[in-house]
>>> print(open('upload.txt').read())   # compact mmCIF, C-alpha atoms and all ligand atoms
# COMPACT_ATOMS: atom_id res chain seq x y z
CA MET A 3 -29.88 -14.55 -33.15
CA ASN A 4 -28.61 -13.29 -29.81
CA LYS A 5 -31.27 -12.04 -27.48
CA PHE A 6 -28.96 -9.41 -25.97
CA ASP A 7 -25.93 -7.53 -27.27
CA VAL A 8 -24.31 -7.71 -23.84
CA ILE A 9 -24.83 -9.96 -20.83
CA VAL A 10 -23.26 -8.62 -17.63
CA VAL A 11 -22.89 -11.21 -14.86
CA GLY A 12 -22.95 -9.70 -11.35
CA MET A 13 -24.54 -6.54 -10.04
CA GLY A 14 -21.85 -4.87 -7.97
CA PRO A 15 -20.49 -1.40 -8.77
CA THR A 16 -18.33 -2.43 -11.70
CA ALA A 17 -21.08 -4.52 -13.31
CA LEU A 18 -23.45 -1.56 -13.20
CA LEU A 19 -20.83 0.86 -14.53
CA ALA A 20 -20.17 -1.43 -17.51
CA ALA A 21 -23.86 -2.23 -18.10
CA ALA A 22 -24.96 1.42 -18.07
CA ALA A 23 -22.10 2.51 -20.35
CA CYS A 24 -23.10 -0.17 -22.92
CA ALA A 25 -26.83 0.58 -22.71
CA GLU A 26 -26.26 4.34 -23.01
CA ARG A 27 -24.59 3.61 -26.36
CA GLY A 28 -27.71 1.88 -27.64
CA LEU A 29 -26.79 -1.75 -26.91
CA SER A 30 -29.38 -4.14 -25.44
CA VAL A 31 -28.04 -5.20 -22.04
CA VAL A 32 -29.09 -7.65 -19.34
CA VAL A 33 -27.55 -7.91 -15.88
CA ILE A 34 -27.74 -11.25 -14.01
CA SER A 35 -27.53 -11.29 -10.23
CA PRO A 36 -28.67 -13.68 -7.48
CA ALA A 37 -29.84 -10.71 -5.39
CA PRO A 38 -30.36 -7.50 -7.39
CA ASP A 39 -31.44 -5.48 -4.33
CA GLN A 40 -28.73 -6.77 -2.02
CA ARG A 41 -27.15 -4.21 0.30
CA TRP A 42 -23.52 -3.44 -0.52
CA ASN A 43 -21.32 -3.62 2.55
CA GLN A 44 -18.02 -2.08 1.48
CA ARG A 45 -17.02 1.49 2.22
CA TYR A 46 -15.55 2.90 -0.99
CA ALA A 47 -13.04 5.75 -0.80
CA ASP A 48 -10.26 7.27 -2.89
CA PHE A 49 -8.47 10.54 -3.52
CA THR A 50 -11.01 13.20 -4.50
CA SER A 51 -9.22 13.95 -7.76
CA GLU A 52 -9.76 10.32 -8.82
CA ILE A 53 -13.48 10.45 -8.01
CA ASN A 54 -14.13 13.84 -9.64
CA ASP A 55 -15.61 13.70 -13.15
CA THR A 56 -16.71 10.07 -12.75
CA PRO A 57 -20.25 8.77 -12.07
CA LEU A 58 -19.11 8.20 -8.46
CA GLU A 59 -18.81 11.92 -7.77
CA ALA A 60 -22.53 12.38 -7.04
CA SER A 61 -22.40 9.78 -4.25
CA VAL A 62 -19.62 11.37 -2.15
CA LEU A 63 -20.57 11.35 1.53
CA ALA A 64 -17.61 13.19 3.06
CA SER A 65 -14.33 14.74 1.98
CA TRP A 66 -11.21 15.80 3.85
CA PRO A 67 -8.90 18.49 2.48
CA ALA A 68 -5.74 16.59 3.41
CA VAL A 69 -4.38 13.20 4.39
CA GLU A 70 -1.77 12.40 7.02
CA PHE A 71 1.06 9.91 6.97
CA VAL A 72 2.56 8.98 10.36
CA SER A 73 5.92 7.20 10.29
CA ALA A 74 7.10 4.51 12.74
CA SER A 75 8.85 7.23 14.77
CA GLY A 76 5.61 9.26 15.04
CA ALA A 77 6.63 12.03 12.58
CA VAL A 78 3.50 13.36 10.87
CA ALA A 79 3.51 14.37 7.19
CA HIS A 80 0.51 16.50 6.26
CA LEU A 81 -0.28 15.94 2.55
CA SER A 82 -2.57 18.49 0.91
CA GLU A 83 -4.42 15.98 -1.26
CA ALA A 84 -8.17 15.79 -0.68
CA TYR A 85 -9.69 12.38 0.07
CA SER A 86 -13.34 11.35 -0.20
CA LEU A 87 -15.61 8.65 1.15
CA ILE A 88 -18.52 7.47 -0.95
CA ASP A 89 -21.96 6.84 0.50
CA THR A 90 -22.33 3.16 -0.44
CA ALA A 91 -26.14 3.03 -0.24
CA ARG A 92 -26.38 6.14 -2.40
CA LEU A 93 -23.87 4.74 -4.90
CA ALA A 94 -25.88 1.52 -5.21
CA SER A 95 -29.08 3.45 -5.71
CA ASP A 96 -27.49 5.93 -8.18
CA LEU A 97 -25.89 3.20 -10.29
CA ARG A 98 -29.05 1.05 -10.30
CA SER A 99 -31.19 4.04 -11.36
CA ARG A 100 -28.73 5.02 -14.07
CA ALA A 101 -28.74 1.47 -15.48
CA GLU A 102 -32.53 1.33 -15.35
CA ARG A 103 -32.86 4.71 -17.13
CA ALA A 104 -30.50 3.44 -19.85
CA GLY A 105 -32.77 0.41 -20.39
CA VAL A 106 -30.66 -2.31 -18.72
CA GLN A 107 -32.79 -5.37 -17.91
CA VAL A 108 -32.25 -7.38 -14.74
CA LYS A 109 -32.53 -11.17 -14.38
CA ARG A 110 -32.29 -13.00 -11.09
CA GLY A 111 -29.99 -16.04 -11.03
CA VAL A 112 -26.64 -17.58 -10.19
CA VAL A 113 -24.51 -18.07 -13.29
CA ARG A 114 -22.67 -21.41 -13.44
CA GLY A 115 -21.12 -21.33 -16.92
CA ALA A 116 -21.06 -19.97 -20.46
CA ASP A 117 -20.71 -21.78 -23.78
CA PRO A 118 -19.93 -20.38 -27.23
CA ARG A 119 -22.78 -20.65 -29.73
CA SER A 120 -22.16 -21.93 -33.22
CA ALA A 121 -24.03 -18.92 -34.58
CA GLY A 122 -21.65 -16.57 -32.69
CA GLY A 123 -21.98 -15.13 -29.21
CA MET A 124 -22.43 -17.11 -25.99
CA THR A 125 -25.08 -18.82 -23.92
CA VAL A 126 -24.85 -18.05 -20.23
CA TYR A 127 -26.50 -20.63 -18.00
CA GLY A 128 -27.27 -21.29 -14.36
CA ASP A 129 -29.97 -22.96 -12.27
CA GLY A 130 -33.05 -22.61 -14.47
CA LEU A 131 -31.34 -19.88 -16.47
CA SER A 132 -30.23 -19.73 -20.10
CA VAL A 133 -29.55 -16.41 -21.82
CA ASP A 134 -28.00 -15.75 -25.23
CA GLY A 135 -25.82 -12.73 -25.82
CA ALA A 136 -23.22 -11.51 -28.28
CA VAL A 137 -20.71 -10.43 -25.61
CA VAL A 138 -20.49 -11.61 -22.00
CA ILE A 139 -18.93 -9.50 -19.25
CA ASP A 140 -18.07 -11.30 -16.01
CA ALA A 141 -18.14 -8.78 -13.14
CA THR A 142 -18.61 -11.28 -10.31
CA GLY A 143 -15.76 -10.03 -8.11
CA PHE A 144 -12.68 -11.72 -6.64
CA GLN A 145 -13.77 -15.28 -7.44
CA PRO A 146 -15.00 -14.91 -11.00
CA ALA A 147 -17.83 -17.17 -12.11
CA LEU A 148 -16.58 -17.38 -15.72
CA VAL A 149 -13.17 -15.77 -16.21
CA LYS A 150 -10.21 -18.13 -15.90
CA ARG A 151 -7.05 -16.94 -14.18
CA PRO A 152 -4.41 -18.28 -11.78
CA ALA A 153 -5.16 -18.12 -8.05
CA PRO A 154 -3.75 -15.25 -6.01
CA THR A 155 -1.20 -15.71 -3.22
CA ALA A 156 -1.02 -12.24 -1.61
CA TYR A 157 -3.85 -10.46 0.16
CA GLN A 158 -4.77 -7.17 1.74
CA THR A 159 -6.69 -7.71 4.96
CA ALA A 160 -8.33 -5.02 7.08
CA LEU A 161 -10.65 -4.84 10.04
CA GLY A 162 -12.48 -1.56 10.61
CA TRP A 163 -14.89 -0.21 13.20
CA ARG A 164 -17.03 2.89 13.11
CA ILE A 165 -16.84 3.98 16.72
CA GLU A 166 -18.41 6.42 19.13
CA THR A 167 -15.69 8.05 21.16
CA PRO A 168 -15.63 11.18 23.30
CA GLY A 169 -13.61 13.99 21.71
CA ALA A 170 -11.35 13.64 18.67
CA PRO A 171 -8.74 10.89 19.02
CA TYR A 172 -6.78 12.09 15.98
CA ASN A 173 -6.64 15.28 13.88
CA PRO A 174 -10.30 15.94 12.93
CA GLY A 175 -9.22 18.18 10.03
CA ALA A 176 -7.55 15.41 8.04
CA MET A 177 -7.96 11.80 7.10
CA ARG A 178 -5.24 9.64 8.69
CA PHE A 179 -4.24 7.64 5.65
CA MET A 180 -1.46 5.55 7.12
CA ASP A 181 -0.17 5.48 10.68
CA LEU A 182 2.76 3.08 10.93
CA ARG A 183 3.54 3.41 14.64
CA ASP A 184 3.67 0.02 16.39
CA ALA A 185 3.19 -1.73 13.07
CA GLY A 186 4.18 -5.25 14.23
CA ALA A 187 5.00 -8.22 12.00
CA PRO A 188 3.75 -8.59 9.36
CA PRO A 189 3.27 -4.81 9.45
CA THR A 190 -0.20 -3.30 9.77
CA PHE A 191 -1.20 0.34 10.00
CA LEU A 192 -4.06 2.51 11.18
CA TYR A 193 -6.41 4.25 8.72
CA ALA A 194 -8.74 6.69 10.52
CA MET A 195 -11.56 8.89 9.24
CA PRO A 196 -13.43 11.50 11.25
CA HIS A 197 -17.14 11.81 10.41
CA ALA A 198 -19.35 14.90 10.61
CA ASP A 199 -21.57 13.25 13.26
CA GLY A 200 -18.58 12.93 15.62
CA THR A 201 -18.06 9.20 15.05
CA TRP A 202 -14.75 7.83 13.72
CA PHE A 203 -13.95 5.00 11.35
CA VAL A 204 -10.74 3.29 12.47
CA GLU A 205 -9.25 0.40 10.54
CA GLU A 206 -6.19 -1.84 10.99
CA THR A 207 -4.83 -2.79 7.56
CA SER A 208 -2.21 -5.16 6.25
CA LEU A 209 -1.35 -3.53 2.93
CA VAL A 210 -0.22 -6.62 1.02
CA ALA A 211 1.14 -9.86 2.44
CA THR A 212 1.36 -13.57 1.71
CA ASN A 213 0.81 -14.20 5.43
CA ALA A 214 -1.76 -11.42 5.97
CA PRO A 215 -3.11 -11.37 9.55
CA ASN A 216 -6.64 -12.73 10.03
CA PHE A 217 -9.53 -10.64 11.36
CA ASP A 218 -9.04 -11.69 15.02
CA ALA A 219 -5.39 -10.70 14.91
CA LEU A 220 -6.28 -7.37 13.26
CA ALA A 221 -8.95 -6.71 15.91
CA ASP A 222 -6.40 -7.40 18.70
CA ARG A 223 -3.94 -5.01 17.10
CA LEU A 224 -6.57 -2.32 16.60
CA ARG A 225 -7.76 -2.64 20.20
CA ALA A 226 -4.17 -2.40 21.50
CA ARG A 227 -3.44 0.57 19.25
CA LEU A 228 -6.52 2.51 20.35
CA GLU A 229 -5.68 1.80 23.99
CA ARG A 230 -2.10 3.05 23.50
CA ASP A 231 -3.44 6.22 21.87
CA GLY A 232 -5.86 6.73 24.79
CA VAL A 233 -8.93 6.34 22.56
CA VAL A 234 -12.02 5.42 24.59
CA VAL A 235 -14.49 3.35 22.52
CA THR A 236 -18.01 3.92 23.85
CA ARG A 237 -19.68 1.83 21.15
CA VAL A 238 -18.80 0.01 17.93
CA LEU A 239 -21.51 0.95 15.42
CA GLU A 240 -20.32 -0.96 12.33
CA THR A 241 -17.63 -3.50 11.49
CA GLU A 242 -15.95 -3.87 8.10
CA ARG A 243 -13.95 -6.97 7.16
CA CYS A 244 -11.84 -6.72 4.07
CA ARG A 245 -9.83 -9.43 2.27
CA ILE A 246 -8.66 -8.45 -1.18
CA PRO A 247 -6.53 -10.68 -3.43
CA MET A 248 -3.72 -8.37 -4.53
CA ASP A 249 -1.55 -10.29 -6.96
CA THR A 250 -4.14 -11.64 -9.37
CA PRO A 251 -2.36 -11.86 -12.73
CA ILE A 252 -3.83 -10.25 -15.82
CA PRO A 253 -6.11 -12.96 -17.24
CA ASP A 254 -5.59 -14.49 -20.69
CA LEU A 255 -7.03 -11.76 -22.94
CA ASP A 256 -8.09 -14.22 -25.62
CA GLN A 257 -10.69 -15.99 -23.50
CA PRO A 258 -14.30 -15.72 -24.69
CA VAL A 259 -15.72 -13.87 -21.65
CA VAL A 260 -14.55 -10.36 -20.71
CA GLY A 261 -13.59 -9.88 -17.05
CA PHE A 262 -14.38 -6.48 -15.55
CA GLY A 263 -13.70 -5.04 -12.08
CA ALA A 264 -12.21 -7.46 -9.57
CA ALA A 265 -12.98 -10.32 -11.99
CA GLY A 266 -10.78 -8.63 -14.61
CA SER A 267 -7.86 -8.29 -12.11
CA MET A 268 -8.30 -4.51 -12.26
CA ILE A 269 -7.48 -4.03 -8.55
CA HIS A 270 -4.36 -1.97 -7.91
CA PRO A 271 -1.78 -4.55 -6.77
CA SER A 272 -0.44 -2.55 -3.84
CA THR A 273 -3.33 -0.32 -2.73
CA GLY A 274 -6.48 -2.35 -3.44
CA TYR A 275 -8.25 0.58 -5.15
CA LEU A 276 -10.55 -0.30 -8.02
CA VAL A 277 -13.81 1.59 -8.38
CA THR A 278 -12.51 4.85 -9.87
CA ARG A 279 -10.52 2.88 -12.43
CA ALA A 280 -13.65 0.89 -13.30
CA ALA A 281 -15.58 4.14 -13.74
CA ARG A 282 -12.93 5.49 -16.14
CA THR A 283 -12.64 2.22 -18.06
CA ALA A 284 -16.33 1.31 -18.53
CA PRO A 285 -16.91 3.81 -21.40
CA LYS A 286 -13.81 2.48 -23.24
CA VAL A 287 -15.08 -1.09 -22.94
CA ALA A 288 -18.51 -0.04 -24.18
CA ASP A 289 -16.99 1.80 -27.16
CA ALA A 290 -14.98 -1.30 -28.10
CA ILE A 291 -18.10 -3.49 -27.95
CA VAL A 292 -20.17 -1.04 -30.01
CA ALA A 293 -17.47 -0.96 -32.70
CA GLY A 294 -17.04 -4.76 -32.76
CA LEU A 295 -20.76 -5.46 -32.94
CA ALA A 296 -21.27 -2.80 -35.61
CA ALA A 297 -18.78 -4.79 -37.68
CA GLY A 298 -20.88 -7.92 -36.99
CA ALA A 299 -18.11 -9.64 -35.02
CA PRO A 300 -18.98 -10.63 -31.42
CA ARG A 301 -15.62 -12.39 -30.96
CA ALA A 302 -13.73 -9.29 -32.11
CA ALA A 303 -15.88 -7.16 -29.82
CA THR A 304 -14.90 -9.42 -26.89
CA ARG A 305 -11.22 -9.31 -27.80
CA ASP A 306 -11.24 -5.52 -28.18
CA ALA A 307 -13.12 -5.07 -24.90
CA TRP A 308 -10.38 -7.04 -23.10
CA ARG A 309 -7.78 -4.81 -24.72
CA ALA A 310 -9.68 -1.67 -23.71
CA ILE A 311 -9.25 -2.85 -20.11
CA TRP A 312 -5.68 -4.01 -20.61
CA PRO A 313 -4.03 -2.00 -23.42
CA VAL A 314 -0.30 -2.56 -23.90
CA GLY A 315 0.55 0.48 -21.75
CA GLY A 316 -1.77 -0.74 -18.99
CA ARG A 317 -0.05 -4.11 -18.96
CA ILE A 318 3.34 -2.41 -18.58
CA THR A 319 1.96 -0.26 -15.75
CA ARG A 320 0.67 -3.40 -14.06
CA THR A 321 4.06 -5.10 -14.34
CA LEU A 322 5.76 -2.08 -12.78
CA GLN A 323 3.19 -1.86 -10.00
CA GLN A 324 3.50 -5.59 -9.28
CA PHE A 325 7.24 -5.09 -9.01
CA GLY A 326 6.54 -2.43 -6.35
CA ALA A 327 4.04 -4.66 -4.58
CA ARG A 328 6.61 -7.46 -4.38
CA ALA A 329 9.06 -5.07 -2.76
CA LEU A 330 6.44 -4.12 -0.14
CA LEU A 331 5.68 -7.78 0.57
CA SER A 332 9.10 -8.41 2.04
CA MET A 333 9.60 -5.24 4.09
CA PRO A 334 9.58 -5.32 7.87
CA ALA A 335 7.87 -2.40 9.63
CA ASP A 336 10.91 -0.10 9.96
CA GLU A 337 11.82 -0.44 6.27
CA LEU A 338 8.21 -0.01 5.22
CA SER A 339 8.09 3.21 7.23
CA THR A 340 11.29 4.55 5.64
CA PHE A 341 10.00 3.55 2.24
CA PHE A 342 6.71 5.44 2.71
CA GLU A 343 8.44 8.45 4.30
CA ARG A 344 10.41 8.83 1.07
CA PHE A 345 7.38 8.00 -1.05
CA PHE A 346 5.19 10.70 0.49
CA ALA A 347 8.06 13.20 0.31
CA LEU A 348 7.86 12.95 -3.51
CA PRO A 349 5.85 15.67 -5.30
CA PRO A 350 2.13 14.76 -4.94
CA ASP A 351 1.75 14.19 -8.68
CA ARG A 352 4.44 11.55 -8.48
CA TRP A 353 3.06 9.50 -5.57
CA ARG A 354 -0.51 9.84 -6.80
CA THR A 355 0.57 8.45 -10.18
CA TRP A 356 1.75 5.33 -8.39
CA MET A 357 -1.64 4.93 -6.74
CA ARG A 358 -3.53 5.08 -10.05
CA ALA A 359 -3.89 1.55 -11.44
CA ASP A 360 -4.27 2.83 -15.01
CA ALA A 361 -1.55 5.48 -14.91
CA ASP A 362 0.74 6.04 -17.87
CA PRO A 363 3.63 3.53 -17.69
CA ALA A 364 6.23 6.22 -18.38
CA ASP A 365 4.96 8.25 -15.39
CA VAL A 366 4.94 5.16 -13.16
CA ALA A 367 8.50 4.28 -14.20
CA ALA A 368 9.62 7.88 -13.55
CA THR A 369 8.06 7.75 -10.08
CA MET A 370 9.79 4.47 -9.28
CA TRP A 371 13.11 5.73 -10.53
CA THR A 372 12.85 8.96 -8.54
CA LEU A 373 11.83 7.06 -5.41
CA PHE A 374 14.63 4.53 -5.79
CA GLY A 375 17.13 7.40 -5.98
CA THR A 376 15.95 8.74 -2.60
CA LEU A 377 16.28 5.39 -0.75
CA ASP A 378 19.27 4.54 1.42
CA LEU A 379 21.55 1.71 0.28
CA HIS A 380 20.01 -0.81 2.67
CA THR A 381 16.42 -0.21 1.46
CA ARG A 382 17.56 -0.24 -2.18
CA TRP A 383 19.14 -3.62 -1.58
CA GLN A 384 15.94 -4.90 0.02
CA VAL A 385 13.92 -3.71 -2.98
CA VAL A 386 16.30 -5.31 -5.46
CA ARG A 387 16.40 -8.55 -3.47
CA ALA A 388 12.62 -8.75 -3.17
CA THR A 389 12.00 -8.16 -6.83
CA ALA A 390 14.88 -10.01 -8.49
CA PRO A 391 13.79 -13.10 -10.46
CA ASN A 392 16.61 -15.15 -8.87
CA ARG A 393 16.22 -13.80 -5.38
CA PRO A 394 19.27 -13.69 -3.07
CA SER A 395 18.40 -15.29 0.27
CA ALA A 396 17.23 -13.12 3.15
CA ASN A 397 20.41 -14.05 5.07
CA GLU A 398 22.82 -12.68 2.52
CA PRO A 399 24.55 -9.53 3.77
CA VAL A 400 23.73 -6.13 2.32
CA PRO A 401 26.55 -5.13 -0.05
CA GLN A 402 28.52 -2.13 1.32
C1 LIG B 1 -14.28 -4.36 2.52
C2 LIG B 1 -13.75 -3.83 1.22
C3 LIG B 1 -13.50 -2.47 1.09
C4 LIG B 1 -13.04 -1.95 -0.13
N1 LIG B 1 -12.81 -0.62 -0.22
C5 LIG B 1 -12.43 -0.09 -1.40
C6 LIG B 1 -12.24 1.30 -1.54
O1 LIG B 1 -12.34 2.07 -0.56
N2 LIG B 1 -11.90 1.81 -2.75
C7 LIG B 1 -11.77 1.00 -3.85
O2 LIG B 1 -11.51 1.50 -4.94
N3 LIG B 1 -11.91 -0.33 -3.73
C8 LIG B 1 -12.24 -0.90 -2.55
N4 LIG B 1 -12.40 -2.25 -2.44
C9 LIG B 1 -12.05 -3.12 -3.60
C10 LIG B 1 -13.15 -3.23 -4.67
O3 LIG B 1 -13.45 -1.94 -5.15
C11 LIG B 1 -14.42 -3.89 -4.18
O4 LIG B 1 -14.18 -5.21 -3.80
C12 LIG B 1 -15.55 -3.85 -5.21
O5 LIG B 1 -16.75 -4.17 -4.57
C13 LIG B 1 -15.34 -4.81 -6.37
O6 LIG B 1 -16.37 -4.57 -7.27
P1 LIG B 1 -16.88 -5.65 -8.33
O7 LIG B 1 -18.11 -5.07 -8.95
O8 LIG B 1 -15.77 -6.05 -9.21
O9 LIG B 1 -17.27 -6.94 -7.46
P2 LIG B 1 -18.31 -7.10 -6.27
O10 LIG B 1 -18.60 -5.80 -5.62
O11 LIG B 1 -17.73 -8.17 -5.40
O12 LIG B 1 -19.64 -7.60 -6.94
C14 LIG B 1 -19.73 -8.91 -7.47
C15 LIG B 1 -21.17 -9.16 -7.89
O13 LIG B 1 -21.25 -10.41 -8.56
C16 LIG B 1 -22.35 -11.17 -8.04
N5 LIG B 1 -22.05 -12.58 -8.28
C17 LIG B 1 -21.07 -13.33 -7.74
N6 LIG B 1 -21.09 -14.58 -8.25
C18 LIG B 1 -22.13 -14.61 -9.15
C19 LIG B 1 -22.66 -15.63 -10.01
N7 LIG B 1 -22.12 -16.86 -10.05
N8 LIG B 1 -23.72 -15.31 -10.78
C20 LIG B 1 -24.27 -14.07 -10.76
N9 LIG B 1 -23.80 -13.07 -9.96
C21 LIG B 1 -22.75 -13.34 -9.17
C22 LIG B 1 -22.43 -10.74 -6.60
O14 LIG B 1 -23.70 -11.02 -6.05
C23 LIG B 1 -22.16 -9.23 -6.74
O15 LIG B 1 -23.33 -8.56 -7.13
C24 LIG B 1 -12.84 -2.81 -1.24
C25 LIG B 1 -13.06 -4.18 -1.09
C26 LIG B 1 -13.51 -4.69 0.12
C27 LIG B 1 -13.74 -6.18 0.26
>>> encode(input="upload.txt", output="structure tokens", more="lines below")
Ligand SMILES: Cc1cc2nc3c(=O)[nH]c(=O)nc-3n(C[C@H](O)[C@H](O)[C@H](O)COP(=O)(O)OP(=O)(O)OC[C@H]3O[C@@H](n4cnc5c(N)ncnc54)[C@H](O)[C@@H]3O)c2cc1C
Amino acid sequence: MNKFDVIVVGMGPTALLAAAACAERGLSVVVISPAPDQRWNQRYADFTSEINDTPLEASVLASWPAVEFVSASGAVAHLSEAYSLIDTARLASDLRSRAERAGVQVKRGVVRGADPRSAGGMTVYGDGLSVDGAVVIDATGFQPALVKRPAPTAYQTALGWRIETPGAPYNPGAMRFMDLRDAGAPPTFLYAMPHADGTWFVEETSLVATNAPNFDALADRLRARLERDGVVVTRVLETERCRIPMDTPIPDLDQPVVGFGAAGSMIHPSTGYLVTRAARTAPKVADAIVAGLAAGAPRAATRDAWRAIWPVGGRITRTLQQFGARALLSMPADELSTFFERFFALPPDRWRTWMRADADPADVAATMWTLFGTLDLHTRWQVVRATAPNRPSANEPVPQ
């Protein structure tokens, strides 16, 4: 007899979203974490329309009515799509309270492994820990404790500071989403958020690269950029360091532990967004587990939970988005700028579809096709070269 219907390993945002969704459907759920009260350090943000109608909505700290894209030449595109920043401490507290209200139990421990039980279900074990459950969800982040998958090779890196600065260094009425002036090699861009208290969050980001700059290099670039823009930094109040594996393949969906969140490779392969997708997907995973367990089949529940995360359409979307990410990997700064100029000139529905990791594959394909049609011959060639299975060498001339 399994002690729990569901064991969730990890206690980050995606673990709590999955745990609460299962418990709210009447399943007995335990969450295992080495430090259940640990402070979360990331700043989570996304387009407001992605956050709305999810459990993240109540934790929004600040919103901006528009985002700006600044090309390498300094041309500013003002995009009327609202963007929101989540209050991380509030999110942690909201998600923990929701899980507690739903009856989720919490166990302290570091999970080291999981073995199938002959009676069905799994035993999860760690130092002094042994818990039986019908279904196990691994939500332990980028280096999963239990889920098996190939190692990533491409990363997003970013170094951000919340700064005190006199005046407003950039447009205080918008969130500067991507500023590609002085992008360097490999290219990095500025992401800047004004806050209501007059402070600014400024971050230097390498979107996706196999040779992503390290934090010292990003800090040097950010410092030089702020100096060039005449931004006086009176004080650095917080520092954020971000290193996200971007090309994690979809794991084998027949393995006996379900991967959720970063552990389930759910990160968008060219933007790094995850939490809104996890919020939308958690109820689907919970429904699949409820149905499987009602039929008395823990293994089927596990298999169907994997497929709720990665349905056929989702796997096609992922393939298309990985194709796009590979194109970005190879682009020098000027091409990246041209690429994004064309991208943000698309109708907002189109470019926002691309940024949604679980978008409909037909919509993603339509966006890619439309974008490809707007690119000049040189950039099209670069895209084809970067994504072709038998890649032409970088020295081969562009066909005329
Ligand atoms: C700096 C930064 C900023 C980001 N910003 C955004 C953003 O703005 N928007 C967005 O959508 N995404 C963002 N992401 C990407 C992604 O949303 C986050 O990484 C997110 O925290 C991943 O959530 P998770 O629950 O999958 O994993 P994590 O948040 O990494 O949580 C993993 C949990 O597992 C626990 N754990 C690990 N190993 C074990 C073990 N062996 N046994 C038991 N427990 C274990 C950890 O203690 C932790 O509780 C950001 C990532 C980073 C690094």
>>> residues_near_point(input="upload.txt", point="(5.9, 4.6, -18.9)", cutoff="12 Å", atoms="only C-alpha atoms", output="PyMOL selection string")
chain A and resi 314-323+355-356+360-371
>>> residues_near_ligand(input="upload.txt", ligand="ligand LIG 1 (chain B)", cutoff="6 Å", atoms="all atoms listed in the file", output="VMD selection string")
chain A and resid 11 to 17 34 to 36 44 to 48 112 to 114 141 to 143 147 242 to 246 263 to 265 274 to 277
>>> atom_distance(input="upload.txt", atom1="CA of Val238 (chain A)", atom2="CA of Glu166 (chain A)")
6.5 Å
>>> closest_residue(input="upload.txt", among="A:Pro38, A:Gly135, A:Gly294, A:Gly186", to="Phe6 (chain A)", atoms="all atoms listed in the file")
A:Gly135
>>> residues_near_point(input="upload.txt", point="(-2.3, -7.2, 5.9)", cutoff="7 Å", atoms="only C-alpha atoms", output="compact mmCIF listing (two decimals) with C-alpha atoms, in the coordinates of the input")
# COMPACT_ATOMS: atom_id res chain seq x y z
CA TYR A 157 -3.85 -10.46 0.16
CA GLN A 158 -4.77 -7.17 1.74
CA THR A 159 -6.69 -7.71 4.96
CA ALA A 160 -8.33 -5.02 7.08
CA THR A 190 -0.20 -3.30 9.77
CA THR A 207 -4.83 -2.79 7.56
CA SER A 208 -2.21 -5.16 6.25
CA LEU A 209 -1.35 -3.53 2.93
CA VAL A 210 -0.22 -6.62 1.02
CA ALA A 211 1.14 -9.86 2.44
CA ALA A 214 -1.76 -11.42 5.97
CA PRO A 215 -3.11 -11.37 9.55
>>> residues_around(input="upload.txt", residues="region 249-253 of chain A", least_positions_apart="2", cutoff="8 Å", atoms="all atoms listed in the file", output="list in words")
Val149, Lys150, Arg151, Pro152, Ala153, Pro154, Thr155, Ala156, Tyr157, Pro247, Leu255, Gly266, Ser267, Pro271, Arg317 and Gln324 of chain A
>>> atom_distance(input="upload.txt", atom1="CA of Leu295 (chain A)", atom2="CA of Lys109 (chain A)")
22.7 Å
>>> closest_residue(input="upload.txt", among="A:Val235, A:Leu192, A:Ala329, A:Ala74", to="Arg223 (chain A)", atoms="all atoms listed in the file")
A:Leu192
>>> closest_residue(input="upload.txt", among="A:Gly326, A:Arg119, A:Asp181, A:Ser65", to="Glu343 (chain A)", atoms="only C-alpha atoms")
A:Asp181
>>> closest_atom_pairs(input="upload.txt", of="region 300-384 of chain A", to="region 122-126 of chain A", cutoff="12 Å", atoms="only C-alpha atoms", output="Markdown table")
| residue | atom | partner | partner_atom | distance |
| --- | --- | --- | --- | --- |
| A:Pro300 | CA | A:Gly123 | CA | 5.8 |
| A:Arg301 | CA | A:Gly123 | CA | 7.1 |
| A:Ala302 | CA | A:Gly123 | CA | 10.5 |
| A:Ala303 | CA | A:Gly123 | CA | 10.1 |
| A:Thr304 | CA | A:Gly123 | CA | 9.4 |
